[in-house]
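Source file: work_4.txt; contents: compact mmCIF, C-alpha atoms and all ligand atoms.
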```txt
# COMPACT_ATOMS: atom_id res chain seq x y z
CA LEU A 1 -32.88 26.82 -2.15
CA ALA A 2 -33.84 27.38 -5.79
CA PRO A 3 -37.17 29.15 -6.44
CA ALA A 4 -40.17 26.80 -6.80
CA GLY A 5 -40.19 25.13 -10.19
CA GLU A 6 -36.51 25.76 -10.87
CA ALA A 7 -33.84 23.10 -10.45
CA ALA A 8 -30.95 24.08 -8.17
CA PRO A 9 -27.69 24.50 -10.11
CA ARG A 10 -25.31 21.55 -9.98
CA PRO A 11 -22.72 22.28 -7.26
CA ASP A 12 -19.29 23.14 -8.65
CA VAL A 13 -17.70 19.91 -7.41
CA ALA A 14 -15.65 17.65 -9.68
CA ASN A 15 -16.91 14.07 -9.89
CA ILE A 16 -13.69 12.02 -9.82
CA ALA A 17 -13.84 8.31 -10.68
CA HIS A 18 -11.40 6.52 -8.35
CA ARG A 19 -9.34 4.05 -10.43
CA GLY A 20 -12.12 4.57 -12.98
CA SER A 21 -15.63 3.50 -12.05
CA SER A 22 -14.09 0.87 -9.80
CA GLY A 23 -17.26 -0.04 -7.92
CA ALA A 24 -18.78 -1.47 -11.10
CA ALA A 25 -15.78 -2.43 -13.25
CA PRO A 26 -12.26 -3.77 -12.56
CA GLU A 27 -10.16 -0.94 -11.16
CA ASN A 28 -7.63 0.89 -13.34
CA THR A 29 -8.72 -0.85 -16.57
CA ILE A 30 -9.90 0.73 -19.81
CA ALA A 31 -13.37 -0.72 -19.06
CA ALA A 32 -13.40 1.21 -15.76
CA ILE A 33 -12.42 4.43 -17.56
CA ARG A 34 -15.15 4.01 -20.19
CA LEU A 35 -17.79 3.27 -17.58
CA GLY A 36 -16.74 6.29 -15.51
CA LEU A 37 -17.05 8.53 -18.58
CA ALA A 38 -20.48 7.08 -19.40
CA GLN A 39 -21.62 7.66 -15.80
CA GLY A 40 -20.74 11.36 -15.88
CA ALA A 41 -17.32 11.50 -14.23
CA ASP A 42 -15.54 14.83 -14.78
CA VAL A 43 -12.12 13.38 -13.94
CA ILE A 44 -10.57 9.89 -13.93
CA GLU A 45 -8.03 8.95 -11.24
CA ASN A 46 -5.24 6.37 -11.63
CA ASP A 47 -2.12 4.84 -10.06
CA ILE A 48 1.17 4.77 -12.00
CA GLN A 49 3.95 2.20 -11.47
CA ARG A 50 6.87 0.83 -13.54
CA THR A 51 7.73 -2.62 -14.91
CA LYS A 52 11.12 -4.35 -14.75
CA ASP A 53 11.87 -3.15 -18.31
CA GLY A 54 11.01 0.46 -17.50
CA LYS A 55 7.49 0.71 -18.94
CA LEU A 56 4.84 2.76 -17.11
CA VAL A 57 1.65 0.91 -16.23
CA ILE A 58 -1.56 1.60 -14.31
CA LEU A 59 -1.86 -0.54 -11.18
CA HIS A 60 -2.71 0.23 -7.55
CA ASP A 61 -0.95 -2.45 -5.48
CA ALA A 62 2.80 -3.08 -5.70
CA SER A 63 1.78 -6.71 -6.38
CA LEU A 64 -0.17 -7.94 -9.39
CA ALA A 65 -1.78 -10.72 -7.30
CA ARG A 66 -5.04 -9.09 -6.17
CA THR A 67 -6.19 -7.65 -9.49
CA THR A 68 -4.86 -10.12 -12.08
CA ASP A 69 -4.47 -13.88 -12.64
CA VAL A 70 -0.68 -13.62 -12.29
CA GLU A 71 -0.45 -16.51 -9.80
CA GLN A 72 -2.05 -18.88 -12.32
CA VAL A 73 -0.10 -17.61 -15.32
CA PHE A 74 3.27 -17.54 -13.53
CA PRO A 75 3.02 -20.15 -10.72
CA GLY A 76 5.82 -20.32 -8.19
CA ARG A 77 7.40 -16.90 -8.77
CA LEU A 78 9.21 -15.56 -5.72
CA SER A 79 7.60 -12.13 -6.16
CA TYR A 80 4.47 -10.94 -7.87
CA ASP A 81 5.44 -7.29 -7.65
CA VAL A 82 4.89 -5.47 -10.94
CA GLY A 83 8.44 -4.15 -10.82
CA THR A 84 9.74 -7.72 -11.24
CA PHE A 85 7.76 -8.35 -14.46
CA THR A 86 8.36 -7.13 -18.02
CA LEU A 87 5.57 -5.33 -19.85
CA ALA A 88 5.21 -8.32 -22.21
CA GLU A 89 4.60 -10.54 -19.16
CA VAL A 90 2.14 -8.08 -17.62
CA LYS A 91 0.22 -7.92 -20.91
CA ARG A 92 -0.40 -11.69 -20.74
CA LEU A 93 -2.45 -11.23 -17.58
CA ASP A 94 -6.22 -11.00 -17.27
CA ALA A 95 -7.05 -7.93 -15.17
CA GLY A 96 -10.83 -8.31 -15.38
CA SER A 97 -11.95 -11.85 -14.44
CA TRP A 98 -11.15 -11.39 -10.75
CA PHE A 99 -13.87 -8.71 -10.67
CA ALA A 100 -16.59 -10.34 -12.79
CA PRO A 101 -16.65 -12.82 -15.71
CA GLN A 102 -17.91 -10.27 -18.24
CA PHE A 103 -14.64 -8.34 -17.87
CA ALA A 104 -12.47 -11.32 -18.87
CA GLY A 105 -9.67 -10.20 -21.17
CA GLU A 106 -9.21 -6.69 -19.70
CA ARG A 107 -5.50 -5.90 -19.52
CA VAL A 108 -3.32 -3.78 -17.24
CA PRO A 109 -3.09 -0.57 -19.28
CA THR A 110 0.11 1.31 -19.99
CA LEU A 111 0.15 4.99 -19.00
CA ARG A 112 0.06 5.74 -22.74
CA GLU A 113 -3.09 3.66 -23.25
CA TRP A 114 -4.68 5.26 -20.20
CA VAL A 115 -4.05 8.82 -21.41
CA ALA A 116 -5.36 7.94 -24.89
CA ALA A 117 -8.53 6.43 -23.39
CA VAL A 118 -9.29 9.52 -21.29
CA GLY A 119 -8.18 11.97 -24.00
CA GLN A 120 -10.21 15.17 -23.91
CA ARG A 121 -13.28 13.39 -22.51
CA ALA A 122 -12.41 14.09 -18.85
CA GLY A 123 -9.74 15.49 -16.58
CA MET A 124 -6.78 13.36 -15.47
CA LEU A 125 -5.92 12.93 -11.78
CA MET A 126 -2.75 10.87 -11.90
CA GLU A 127 -1.11 9.34 -8.86
CA ALA A 128 2.49 8.20 -8.78
CA LYS A 129 2.08 5.09 -6.60
CA LEU A 130 5.02 4.08 -4.38
CA PRO A 131 7.51 6.15 -6.44
CA GLU A 132 10.21 5.32 -3.88
CA LEU A 133 10.27 1.81 -5.43
CA TYR A 134 11.13 3.23 -8.85
CA PRO A 135 14.19 5.52 -8.83
CA GLY A 136 13.95 8.21 -11.51
CA ILE A 137 10.30 7.48 -12.34
CA GLU A 138 9.60 11.22 -12.38
CA ARG A 139 11.73 11.55 -15.51
CA ASP A 140 10.07 8.53 -17.15
CA ILE A 141 6.59 9.89 -16.42
CA ASP A 142 7.46 13.36 -17.66
CA LYS A 143 9.04 12.07 -20.88
CA GLU A 144 6.18 9.69 -21.67
CA LEU A 145 3.45 12.25 -20.97
CA ARG A 146 5.11 15.06 -22.90
CA SER A 147 5.33 12.85 -26.00
CA MET A 148 1.52 12.64 -26.09
CA GLY A 149 -0.63 15.33 -27.75
CA GLU A 150 -3.63 14.34 -25.59
CA PHE A 151 -1.61 15.13 -22.48
CA GLN A 152 -0.29 18.44 -23.81
CA ARG A 153 -3.81 19.54 -24.72
CA ALA A 154 -5.14 18.47 -21.32
CA VAL A 155 -2.42 20.46 -19.52
CA LYS A 156 -3.22 23.55 -21.59
CA ALA A 157 -6.90 23.13 -20.70
CA GLY A 158 -6.05 22.88 -16.97
CA ARG A 159 -7.37 19.31 -16.77
CA VAL A 160 -4.36 17.45 -15.31
CA THR A 161 -3.02 17.00 -11.78
CA MET A 162 -0.19 14.77 -10.55
CA GLN A 163 -0.60 13.63 -6.93
CA SER A 164 1.31 11.41 -4.50
CA PHE A 165 1.53 10.40 -0.85
CA ASN A 166 5.31 10.75 -1.28
CA HIS A 167 5.67 14.51 -0.95
CA VAL A 168 9.45 14.53 -1.42
CA TRP A 169 9.00 12.69 -4.72
CA LEU A 170 6.17 15.02 -5.75
CA ARG A 171 8.46 18.00 -5.25
CA SER A 172 11.00 16.47 -7.63
CA TYR A 173 8.26 15.96 -10.23
CA ALA A 174 7.00 19.54 -9.74
CA ASP A 175 10.50 20.87 -10.37
CA LEU A 176 10.66 18.85 -13.60
CA ALA A 177 7.14 19.72 -14.79
CA PRO A 178 6.29 23.20 -13.46
CA ASP A 179 3.31 23.47 -15.83
CA VAL A 180 1.54 20.45 -14.27
CA PRO A 181 -0.45 21.17 -11.07
CA VAL A 182 0.43 18.89 -8.14
CA GLY A 183 -1.59 17.55 -5.21
CA LEU A 184 -0.36 16.28 -1.85
CA LEU A 185 -2.21 13.18 -0.62
CA PHE A 186 -2.78 12.85 3.14
CA GLY A 187 -3.98 9.73 4.95
CA THR A 188 -3.90 11.58 8.28
CA ARG A 189 -5.13 15.06 9.13
CA PRO A 190 -2.75 17.67 7.68
CA THR A 191 -1.38 20.03 10.32
CA GLU A 192 -1.24 23.82 9.98
CA VAL A 193 2.48 23.44 9.19
CA ASP A 194 1.66 20.89 6.45
CA LEU A 195 -0.83 23.29 4.92
CA THR A 196 1.34 26.39 5.00
CA LEU A 197 4.27 24.45 3.52
CA ALA A 198 1.97 22.99 0.84
CA ALA A 199 0.81 26.48 -0.10
CA GLN A 200 4.41 27.40 -0.96
CA TRP A 201 4.66 25.01 -3.89
CA ALA A 202 1.62 22.75 -4.39
CA ASP A 203 -1.82 23.31 -5.91
CA GLN A 204 -3.97 20.80 -4.06
CA VAL A 205 -4.17 19.13 -0.65
CA ASN A 206 -6.08 15.85 -1.08
CA PRO A 207 -6.89 14.13 2.23
CA ALA A 208 -9.10 11.19 3.14
CA LEU A 209 -12.53 12.66 3.96
CA GLY A 210 -12.55 10.79 7.27
CA VAL A 211 -9.49 12.57 8.68
CA ILE A 212 -10.52 16.21 8.12
CA GLN A 213 -13.04 18.66 9.46
CA GLU A 214 -15.05 21.39 7.76
CA SER A 215 -12.63 24.04 9.05
CA ASP A 216 -9.78 22.31 7.19
CA VAL A 217 -11.55 22.87 3.86
CA ALA A 218 -11.92 26.56 4.65
CA ARG A 219 -8.26 26.84 5.69
CA ILE A 220 -7.06 25.03 2.55
CA HIS A 221 -9.05 27.49 0.42
CA GLN A 222 -7.83 30.46 2.45
CA LEU A 223 -4.28 29.42 1.56
CA GLY A 224 -5.17 29.43 -2.14
CA LEU A 225 -5.16 25.64 -2.49
CA GLU A 226 -7.84 23.27 -3.79
CA THR A 227 -8.95 20.03 -2.15
CA ASN A 228 -10.22 16.72 -3.49
CA VAL A 229 -11.33 14.23 -0.82
CA TRP A 230 -11.25 10.40 -1.00
CA THR A 231 -12.60 7.75 -1.14
CA VAL A 232 -16.20 8.86 -0.68
CA ASN A 233 -18.64 6.07 -1.50
CA GLY A 234 -21.70 6.69 0.70
CA GLY A 235 -24.42 9.19 -0.18
CA GLN A 236 -24.34 10.89 3.23
CA ASP A 237 -20.58 11.37 3.05
CA MET A 238 -20.94 12.78 -0.47
CA GLN A 239 -23.56 15.26 0.80
CA ARG A 240 -21.28 16.27 3.68
CA ALA A 241 -18.30 16.87 1.39
CA ILE A 242 -20.48 18.96 -0.94
CA ARG A 243 -21.73 21.03 2.03
CA TRP A 244 -18.16 21.61 3.16
CA GLY A 245 -17.36 23.07 -0.27
CA VAL A 246 -14.64 20.68 -1.45
CA ASP A 247 -13.43 21.07 -5.04
CA GLY A 248 -13.65 17.42 -5.97
CA ILE A 249 -14.93 14.11 -4.61
CA ILE A 250 -13.01 10.94 -5.45
CA THR A 251 -15.41 7.98 -5.52
CA ASN A 252 -15.73 4.39 -6.68
CA TYR A 253 -19.35 5.25 -7.61
CA PRO A 254 -19.40 8.26 -9.97
CA GLN A 255 -22.97 7.45 -11.01
CA VAL A 256 -24.22 7.80 -7.42
CA LEU A 257 -22.32 11.06 -6.98
CA GLU A 258 -23.66 12.40 -10.28
CA GLU A 259 -27.25 11.71 -9.19
CA ILE A 260 -26.62 13.59 -5.93
CA LEU A 261 -24.92 16.51 -7.71
CA ARG A 262 -27.80 16.79 -10.16
CA GLY A 263 -30.29 16.77 -7.28
O1 LIG S 301 -6.88 9.61 -5.17
C1 LIG S 301 -6.80 9.32 -3.82
C2 LIG S 301 -6.68 7.86 -3.50
O2 LIG S 301 -6.55 7.12 -4.67
C3 LIG S 301 -5.56 7.56 -2.61
O3 LIG S 301 -5.57 6.26 -2.13
O4 LIG S 301 -4.77 3.97 -2.03
O5 LIG S 301 -6.71 4.51 -3.45
O6 LIG S 301 -4.44 5.22 -4.13
P1 LIG S 301 -5.37 4.94 -2.97
CA CA S 302 -4.88 6.33 -6.17
```
Turn the structure described in the file into structure tokens.
Amino acid sequence: LAPAGEAAPRPDVANIAHRGSSGAAPENTIAAIRLGLAQGADVIENDIQRTKDGKLVILHDASLARTTDVEQVFPGRLSYDVGTFTLAEVKRLDAGSWFAPQFAGERVPTLREWVAAVGQRAGMLMEAKLPELYPGIERDIDKELRSMGEFQRAVKAGRVTMQSFNHVWLRSYADLAPDVPVGLLFGTRPTEVDLTLAAQWADQVNPALGVIQESDVARIHQLGLETNVWTVNGGQDMQRAIRWGVDGIITNYPQVLEEILRG
């Protein structure tokens, strides 16, 4: 406890906006990035996929159907997967109206637009989503990112991580980009073998909060790794993660987390 009259220091926990401030704006859009920054997020998270013509875009689901008006704009297509659309087609879609009318006209950003929007204003937690669908995407991502000054500056400042649930893919990216820290995503509790293997080449182990215990956080730190937990939207869960000493909390509600962190 801080002495009477003095505010306790803000815990050293990164406030990570999941797909941007996706509780209050359409996920993975520039509007969601801007809102996350305004609400005090330290880091913005994303999901990277690839179009039919090889352009990198920010989208969570393999399909465009949930978060755009693709079914109205392109009725009767056999597939609505982003990998079957060109970037020009994707850019015709409204990625905001499904969430709320005031976001009409938001677009699916390219990776380039996303990096430019975050710039030096926050850290970048990038996720290669379903990379097994996109052979060679590690080379595309590396080439695109390295051509951007904002990315190079962010790497130098230690403000970038690449993460994935596909650990084999992540290893191939790590080999290509040894200067970019990498994080292994886990939807189930990582075993001791998972953790010791991770410590040999990765920088972060990022599990769902609901699958781990406090002792896992201590073990991850003992192995010299960091941990960011997801997707933590309730105040009590945020408090628990802070007590456990995680390095970052990935949330749809960065404003709520910021209020808790500031006490
Ligand atoms: O950053 C962690 C989290 O985003 C992983 O799950 O499905 O939201 O990409 P998902
Ligand atoms: Ca993600």
Which one is closest to ligand CA 302 (chain S): A:Ile220, A:Ala177, A:Ala122, A:Ile16? Count all atoms listed in the file.
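Going through A:Ile220, A:Ala177, A:Ala122, A:Ile16 one by one, the smallest distance to ligand CA 302 (chain S) is for A:Ile16.
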Test item: residues no farther than 6 Å from ligand CA 302 (chain S), counting all atoms listed in the file, as a PyMOL selection string:
chain A and resi 46-47+127
Selection above as a file: C-alpha atoms, as a tab-separated table (two decimals), in the frame of the given file:
```tsv
chain	number	residue	atom	x	y	z
A	46	ASN	CA	-5.24	6.37	-11.63
A	47	ASP	CA	-2.12	4.84	-10.06
A	127	GLU	CA	-1.11	9.34	-8.86
```
Measuring atom to atom with only C-alpha atoms, identify which of A:Gly40, A:Thr110, A:Gly136, A:Leu130 is nearest to Ser63 in chain A.
A:Leu130
Just want the residues within 12 Å of ligand LIG 301 (chain S), written as a ChimeraX atom specification, counting only C-alpha atoms and all ligand atoms.
/A:15-20,22,27-28,43-49,58-62,124-130,161-166,183-188,204-209,227-232,248-252
Which residues are near Arg66 in chain A? Cut-off 12 Å, all atoms listed in the file, ignore same chain within fewer than 5 positions. Put them as a PDB file with C-alpha atoms, keeping the file's coordinate frame.
```pdb
ATOM      1  CA  PRO A  26     -12.260  -3.770 -12.560  1.00  0.00           C
ATOM      2  CA  GLU A  27     -10.160  -0.940 -11.160  1.00  0.00           C
ATOM      3  CA  LEU A  59      -1.860  -0.540 -11.180  1.00  0.00           C
ATOM      4  CA  HIS A  60      -2.710   0.230  -7.550  1.00  0.00           C
ATOM      5  CA  ASP A  61      -0.950  -2.450  -5.480  1.00  0.00           C
ATOM      6  CA  GLU A  71      -0.450 -16.510  -9.800  1.00  0.00           C
ATOM      7  CA  GLN A  72      -2.050 -18.880 -12.320  1.00  0.00           C
ATOM      8  CA  TYR A  80       4.470 -10.940  -7.870  1.00  0.00           C
ATOM      9  CA  ASP A  81       5.440  -7.290  -7.650  1.00  0.00           C
ATOM     10  CA  VAL A  82       4.890  -5.470 -10.940  1.00  0.00           C
ATOM     11  CA  LEU A  93      -2.450 -11.230 -17.580  1.00  0.00           C
ATOM     12  CA  ASP A  94      -6.220 -11.000 -17.270  1.00  0.00           C
ATOM     13  CA  ALA A  95      -7.050  -7.930 -15.170  1.00  0.00           C
ATOM     14  CA  GLY A  96     -10.830  -8.310 -15.380  1.00  0.00           C
ATOM     15  CA  SER A  97     -11.950 -11.850 -14.440  1.00  0.00           C
ATOM     16  CA  TRP A  98     -11.150 -11.390 -10.750  1.00  0.00           C
ATOM     17  CA  PHE A  99     -13.870  -8.710 -10.670  1.00  0.00           C
TER      18      PHE A  99
END
```
CA of Glu89 in chain A to CA of Gly149 in chain A: how many Å, to one decimal?
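Computed distance, CA of Glu89 in chain A to CA of Gly149 in chain A, equals 27.8 Å.
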Could you check how far CA of Tyr253 in chain A sits from CA of Ala38 in chain A, in Å to one decimal?
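CA of Ala38 in chain A lies at a distance of 12.0 Å from CA of Tyr253 in chain A.
One finds CA of Val118 in chain A at 21.6 Å from CA of Ile137 in chain A.
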Considering only C-alpha atoms, state which residue in the set A:Gly224, A:Asp216, A:Gly54, A:Gly123 is at the smallest distance from Ala157 in chain A.
A:Gly123
For Ala241 in chain A, which residue out of A:Ile212, A:Met148, A:Ala32, A:Val256 is the nearest one, using only C-alpha atoms?
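The closest residue to Ala241 in chain A is A:Ile212.
In this comparison, which uses all atoms listed in the file, the residue of A:Val211, A:Ala25, A:Leu195, A:Val13 approaching Pro101 in chain A most closely is A:Ala25.
Residues surrounding Glu150 in chain A within 7 Å are Val115, Ala116, Gly119, Gln120 and Ala154 of chain A [only C-alpha atoms; sequence separation below 4 positions excluded].
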Would you mind exporting the chosen residues as a CSV table (one decimal), keeping the file's coordinate frame, restricted to C-alpha atoms?
```
chain,number,residue,atom,x,y,z
A,115,VAL,CA,-4.0,8.8,-21.4
A,116,ALA,CA,-5.4,7.9,-24.9
A,119,GLY,CA,-8.2,12.0,-24.0
A,120,GLN,CA,-10.2,15.2,-23.9
A,154,ALA,CA,-5.1,18.5,-21.3
```
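Distances from A:Leu133, A:Leu37, A:Val73, A:Val180 to Leu145 in chain A were compared using all atoms listed in the file, and the smallest one belongs to A:Val180.
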Ser172 in chain A environment, 10 Å, all atoms listed in the file, sequence neighbours closer than 4 positions dropped, as a count of residues only:
7
Find the spatial neighbours of Gly83 in chain A, counting all atoms listed in the file, within a cut-off of 6 Å - ignore same-chain residues fewer than 3 positions away - and output them as a ChimeraX atom specification.
/A:50-52
